[in-house]
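Participant: Can you read through this structure? Questions will come right after.
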Amino acid sequence: MQYLLLIYRNEAELGKASQADRKQMMADYGAFTQSIIQSGHFKAGDGLQPTTTATTVRVRDGKILTTDGPFAETREQLGGYYLVEAKDLDTAIGIAARIPGAKAGSIEVRPVMVYDN
Amino acid sequence: MTLVGIDKIFRDEAGRALATLIRLVGDFDLAEDVLQEAFAAALERWPATEVPSNPRAWLVNVGRNKAIDRIRRQVAFRGKQDELTHEVVLNAETSTEDSDAVVADDMLRLIFTCCHPSFAPEVQVALTLRTVCSLTTAQVARAFLVSEEAMGQRLVRAKQKIRLAGIAYEVPGRDALEPRLRGVLAVIYLVFTEGYVATSGEELMRPDLAREAIRLARLLDALMPGRREIKGLLALMLLHDARREGRQTEGGDIVLLEEQDRALWDHNQIAEGLRLVEDALQLPGRAEVYTVQAAIAALHARASNFQETDWRQIAGLYEVLLRVSPSPVIELNHAAAISMVDGPARALDLIDALAARGGLKGYELLPAVRADLLRRLGRHEAAREAYLAATEATQLEPLRRLYARRLAELSDTRSPA
């Protein structure tokens with residue numbers, strides 16, 4: 001099965017991190033990504049620019065409406081994702097728990113839909 | 001075979017038969033459906049003939065064949081052989097073993113799946129009651145005080161999550177076993193406590209839920225023998241449940257421990273609970289909440305009356321509990337035990353110091369415990385206020401009646417001068 005692991009964290013707090021902390025975080029993510037590439041779980045993964053760069057798009061009555069910012073204001077914001085292959089939910093939870101961001105933020109584990117036909 | 005007899009077989013075997021069918025057909029809903037069909041087939045056949053020597057194997061066999069028929073029909077209808085259905089049919093056709101060990105493993109798979117930590121605690125309880133204990137959806141709904149429709153939807157969503165999120169139908173591996181087992185025990189204890197002291201409503205106790213919890217713990221003790229925390233939990237529940245007859249009047253009013261007629265307690269069940277506590281304490285392992293609580297319950301059960309209880313040892317055991325797993329409930333119980341050793345004034349100091357630190361915030365029994373201590377200290381006005389606060393804090397009718405009785409007693413003792 002495939003699972004999308006959505007990484008949420010508090011952007012404001014992240015913005016306050018020191019240069020050294022940021023460097024450490026990048027190194028931790030690099031090591032983690034390598035480890036799940038080697039174990040064969042990795043399908044895809046990226047970090048995202050902060051929600052201050054987001055634009056939300058809606059189409060109403062055929063017209064494109066755009067708003068500045070994310071769809072919903074929340075305490076933690078989506079900051080990145082991994083797409084992984086795992087045999088079951090426990091395996092996916094185990095991988096999610098090793099994402100460096102799980103220590104400060106939270107990881108939402110979502111099974112990817114499988115189409116019958 | 002009478003219909004009552006057949007019904008009893010269904011009740012006894014449903015959980016195990018379902019557990020095996022889920023493994024064989026790989027799907028909760030399909031397994032439930034075909035088990036119902038197997039029951040229907042048994043109801044047609046068994047009254048006229050002998051009941052098969054192994055009714056569970058019969059039910060599983062019939063259920064499995066019905067599942068294979070269904071899958072074949074679907075495959076034929078769709079005109080394609082999808083890999084998954086093929087695997088299910090193959091699985092079902094080759095797996096004919098029905099040894100006790102295999103069935104025990106299936107039952108554990110079912111319990112651990114229903115108590116998977118990715119479900120909210122109340123969902124774990126509902127799924128366990130519905131599938132492991134074979135309660136009807138209506139019975140589970142009653143336990144949660146929600147409509148049958150709402151509970152039905154909650155169960156459908158949970159079973160969907162098992163399938164769509166890929167929750168494995170297996171006993172967790174050694175690394176994950178301890179925390180997962182703790183989760184299972186927590187679910188069983190939740191079922192029990194809801195049966196022992198309902199959180200709201202007219203009735204003080206729901207003995208059916210308490211019985212189901214004890215049945216589950218017995219099953220788990222048989223499936224995973226030699227585990228201290230399982231024996232401790234079973235002992236704890238047996239010892240508490242043994243006092244059921246003494247805990248309320250026929251009119252449904254609460255009788256506190258100090259006023260209970262100990263002849264009404266179930267002394268056979270107490271004997272079993274005491275044996276289990278001894279067994280649990282002999283097993284290797286650290287002190288854990290269930291066994292320590294069971295040891296406290298054992299001291300109450302052994303005492304010939306309230307005064308003669310070994311309060312000093314009980315207070316000591318609560319101190320152990322406070323180290324292992326601190327909580328407001330245990331703080332309050334500890335204070336209550338201290339009141340019997342060092343007097344109510346000392347206990348009141350403990351509680352007020354704790355409340356001042358914010359340690360008992362929102363805990364609804366706090367005013368009731370304070371009220372009792374104040375009453376024993378002869379501080380009647382303060383006791384009255386605390387009983388009024390206690391009445392405000394609870395939604396349970398029998399507790400409200402208890403506090404009303406206490407308030408009336410306080411009014412009687414007020415001196416005219």
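Residue numbers start at 1 in each chain; chains themselves are named A, B, ... in the order of the structure tokens; ligands are numbered from 1 in the order shown.
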Give me the residues near Gln36 (chain B) as a PyMOL selection string, where near means some atom within 10 Å (using only C-alpha atoms) and where sequence neighbours in that chain fewer than 4 positions away do not count.

Facilitator: chain B and resi 14+18+30-32+40-42+59+63

Participant: Taking only C-alpha atoms into account, what are the residues of chain A at most 9 Å from chain B, put as an NGL selection string?

Facilitator: :A and (1 or 3 or 87-90 or 109-114)

Participant: Dump N, CA and C atoms for the selected residues as a short mmCIF file (atom, residue, chain, number, x, y, z; two decimals), in the first residue's frame?

Facilitator:
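Result went into part12.cif, see below:
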```cif
data_model
loop_
_atom_site.label_atom_id
_atom_site.label_comp_id
_atom_site.auth_asym_id
_atom_site.auth_seq_id
_atom_site.Cartn_x
_atom_site.Cartn_y
_atom_site.Cartn_z
N MET A 1 0.84 -1.20 0.00
CA MET A 1 0.00 0.00 0.00
C MET A 1 0.87 1.24 0.00
N TYR A 3 1.20 5.24 1.29
CA TYR A 3 0.72 6.20 2.31
C TYR A 3 1.37 7.54 2.06
N LYS A 87 3.85 -2.10 3.93
CA LYS A 87 2.96 -3.28 3.84
C LYS A 87 1.68 -3.11 4.65
N ASP A 88 1.74 -2.29 5.71
CA ASP A 88 0.52 -2.06 6.49
C ASP A 88 0.64 -0.76 7.29
N LEU A 89 -0.44 -0.42 7.99
CA LEU A 89 -0.47 0.86 8.72
C LEU A 89 0.62 0.93 9.79
N ASP A 90 0.86 -0.17 10.50
CA ASP A 90 1.89 -0.14 11.55
C ASP A 90 3.25 0.22 10.97
N VAL A 109 -0.88 10.46 8.70
CA VAL A 109 -0.65 9.30 7.84
C VAL A 109 -1.93 9.03 7.05
N ARG A 110 -1.90 9.18 5.73
CA ARG A 110 -3.11 8.99 4.93
C ARG A 110 -2.88 7.93 3.87
N PRO A 111 -3.69 6.83 3.92
CA PRO A 111 -3.58 5.83 2.86
C PRO A 111 -3.97 6.43 1.51
N VAL A 112 -3.24 6.06 0.47
CA VAL A 112 -3.55 6.56 -0.87
C VAL A 112 -4.65 5.69 -1.48
N MET A 113 -5.62 6.32 -2.09
CA MET A 113 -6.76 5.59 -2.64
C MET A 113 -6.33 4.67 -3.78
N VAL A 114 -6.93 3.48 -3.78
CA VAL A 114 -6.63 2.54 -4.87
C VAL A 114 -7.90 2.39 -5.70
#
```

Participant: Please provide the set of residues having any atom within 10 Å of region 74-76 of chain A, restricted to only C-alpha atoms, with same-chain residues fewer than 3 positions apart removed, written as an NGL selection string.

Facilitator: :A and (7-13 or 70-71 or 79 or 105-106)

Participant: Could you state the separation of CA of Thr394 (chain B) and CA of Glu364 (chain B) in Å, given to one decimal place?

Facilitator: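 Between CA of Thr394 (chain B) and CA of Glu364 (chain B) the gap is 6.5 Å.
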
Participant: So that I can check the surroundings of Val57 (chain A), please list as a PyMOL selection string every protein, DNA and RNA residue that reaches within 8 Å of it, counting only C-alpha atoms and ignoring chain neighbours fewer than 3 positions away.

Facilitator: chain A and resi 64-67

Participant: Keeping only N, CA and C atoms, write those residues as a JSON list (two decimals), in the first residue's frame.

Facilitator:
```json
[["chain", "number", "residue", "atom", "x", "y", "z"],
["A", 64, "ILE", "N", -12.56, 32.16, -11.81],
["A", 64, "ILE", "CA", -11.46, 31.77, -10.92],
["A", 64, "ILE", "C", -11.31, 32.81, -9.82],
["A", 65, "LEU", "N", -11.41, 32.35, -8.55],
["A", 65, "LEU", "CA", -11.22, 33.25, -7.41],
["A", 65, "LEU", "C", -9.96, 32.82, -6.68],
["A", 66, "THR", "N", -9.10, 33.75, -6.41],
["A", 66, "THR", "CA", -7.90, 33.41, -5.65],
["A", 66, "THR", "C", -7.87, 34.20, -4.35],
["A", 67, "THR", "N", -7.39, 33.54, -3.29],
["A", 67, "THR", "CA", -7.17, 34.25, -2.02],
["A", 67, "THR", "C", -5.74, 34.02, -1.59]]
```

Participant: DSSP on the backbone, alpha helix (DSSP H) only: what residues of region 312-410 of chain B does that give? Format it as a ChimeraX atom specification.

Facilitator: /B:312-324,328-341,344-356,366-376,380-393,397-410

Participant: Can you tell me which residues surround Arg180 (chain B) at a distance of at most 12 Å, considering only C-alpha atoms, apart from same-chain residues fewer than 4 positions away, and format the answer as an mmCIF file with N, CA and C atoms, in the first residue's frame?

Facilitator:
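That gives us selection.cif:
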```
data_model
loop_
_atom_site.group_PDB
_atom_site.id
_atom_site.type_symbol
_atom_site.label_atom_id
_atom_site.label_comp_id
_atom_site.auth_asym_id
_atom_site.auth_seq_id
_atom_site.Cartn_x
_atom_site.Cartn_y
_atom_site.Cartn_z
ATOM 1 N N ASP A 90 0.860 -0.173 10.500
ATOM 2 C CA ASP A 90 1.888 -0.141 11.545
ATOM 3 C C ASP A 90 3.253 0.218 10.972
ATOM 4 N N LEU B 108 -6.646 -13.568 19.295
ATOM 5 C CA LEU B 108 -5.719 -12.490 19.658
ATOM 6 C C LEU B 108 -5.606 -11.471 18.525
ATOM 7 N N ARG B 109 -5.544 -11.970 17.273
ATOM 8 C CA ARG B 109 -5.497 -11.057 16.117
ATOM 9 C C ARG B 109 -6.689 -10.113 16.162
ATOM 10 N N ILE B 111 -8.609 -9.263 18.749
ATOM 11 C CA ILE B 111 -8.557 -8.329 19.881
ATOM 12 C C ILE B 111 -7.570 -7.186 19.593
ATOM 13 N N PHE B 112 -6.375 -7.537 19.119
ATOM 14 C CA PHE B 112 -5.372 -6.499 18.877
ATOM 15 C C PHE B 112 -5.791 -5.574 17.729
ATOM 16 N N THR B 113 -6.505 -6.102 16.744
ATOM 17 C CA THR B 113 -6.963 -5.249 15.647
ATOM 18 C C THR B 113 -8.028 -4.269 16.143
ATOM 19 N N CYS B 114 -8.977 -4.759 16.935
ATOM 20 C CA CYS B 114 -10.043 -3.884 17.437
ATOM 21 C C CYS B 114 -9.475 -2.814 18.377
ATOM 22 N N CYS B 115 -8.385 -3.132 19.068
ATOM 23 C CA CYS B 115 -7.795 -2.177 20.016
ATOM 24 C C CYS B 115 -6.598 -1.474 19.396
ATOM 25 N N HIS B 116 -6.579 -1.327 18.079
ATOM 26 C CA HIS B 116 -5.445 -0.667 17.431
ATOM 27 C C HIS B 116 -5.401 0.800 17.853
ATOM 28 N N PRO B 117 -4.200 1.290 18.220
ATOM 29 C CA PRO B 117 -4.109 2.662 18.735
ATOM 30 C C PRO B 117 -4.486 3.742 17.718
ATOM 31 N N SER B 118 -4.661 3.384 16.449
ATOM 32 C CA SER B 118 -5.081 4.403 15.490
ATOM 33 C C SER B 118 -6.586 4.670 15.584
ATOM 34 N N GLU B 170 -3.124 -8.955 12.688
ATOM 35 C CA GLU B 170 -2.086 -9.787 13.299
ATOM 36 C C GLU B 170 -1.766 -9.336 14.711
ATOM 37 N N VAL B 171 -1.145 -10.240 15.447
ATOM 38 C CA VAL B 171 -0.662 -9.908 16.780
ATOM 39 C C VAL B 171 0.636 -9.137 16.596
ATOM 40 N N PRO B 172 0.777 -7.968 17.264
ATOM 41 C CA PRO B 172 1.990 -7.173 17.049
ATOM 42 C C PRO B 172 3.258 -7.950 17.399
ATOM 43 N N GLY B 173 4.333 -7.626 16.718
ATOM 44 C CA GLY B 173 5.613 -8.274 16.962
ATOM 45 C C GLY B 173 6.168 -7.913 18.334
ATOM 46 N N ARG B 174 7.271 -8.557 18.702
ATOM 47 C CA ARG B 174 7.780 -8.434 20.062
ATOM 48 C C ARG B 174 8.056 -6.970 20.436
ATOM 49 N N ASP B 175 8.598 -6.185 19.494
ATOM 50 C CA ASP B 175 8.927 -4.783 19.782
ATOM 51 C C ASP B 175 7.704 -3.985 20.221
ATOM 52 N N ALA B 176 6.582 -4.257 19.565
ATOM 53 C CA ALA B 176 5.399 -3.421 19.790
ATOM 54 C C ALA B 176 4.418 -4.057 20.771
ATOM 55 N N VAL B 184 -4.782 -2.782 24.984
ATOM 56 C CA VAL B 184 -5.874 -3.763 25.071
ATOM 57 C C VAL B 184 -6.427 -3.811 26.495
ATOM 58 N N LEU B 185 -5.527 -3.845 27.486
ATOM 59 C CA LEU B 185 -5.973 -3.905 28.880
ATOM 60 C C LEU B 185 -6.751 -2.642 29.249
ATOM 61 N N ALA B 186 -6.295 -1.498 28.720
ATOM 62 C CA ALA B 186 -7.005 -0.246 28.994
ATOM 63 C C ALA B 186 -8.431 -0.312 28.452
ATOM 64 N N VAL B 187 -8.608 -0.922 27.268
ATOM 65 C CA VAL B 187 -9.942 -1.054 26.687
ATOM 66 C C VAL B 187 -10.819 -1.950 27.568
#
```
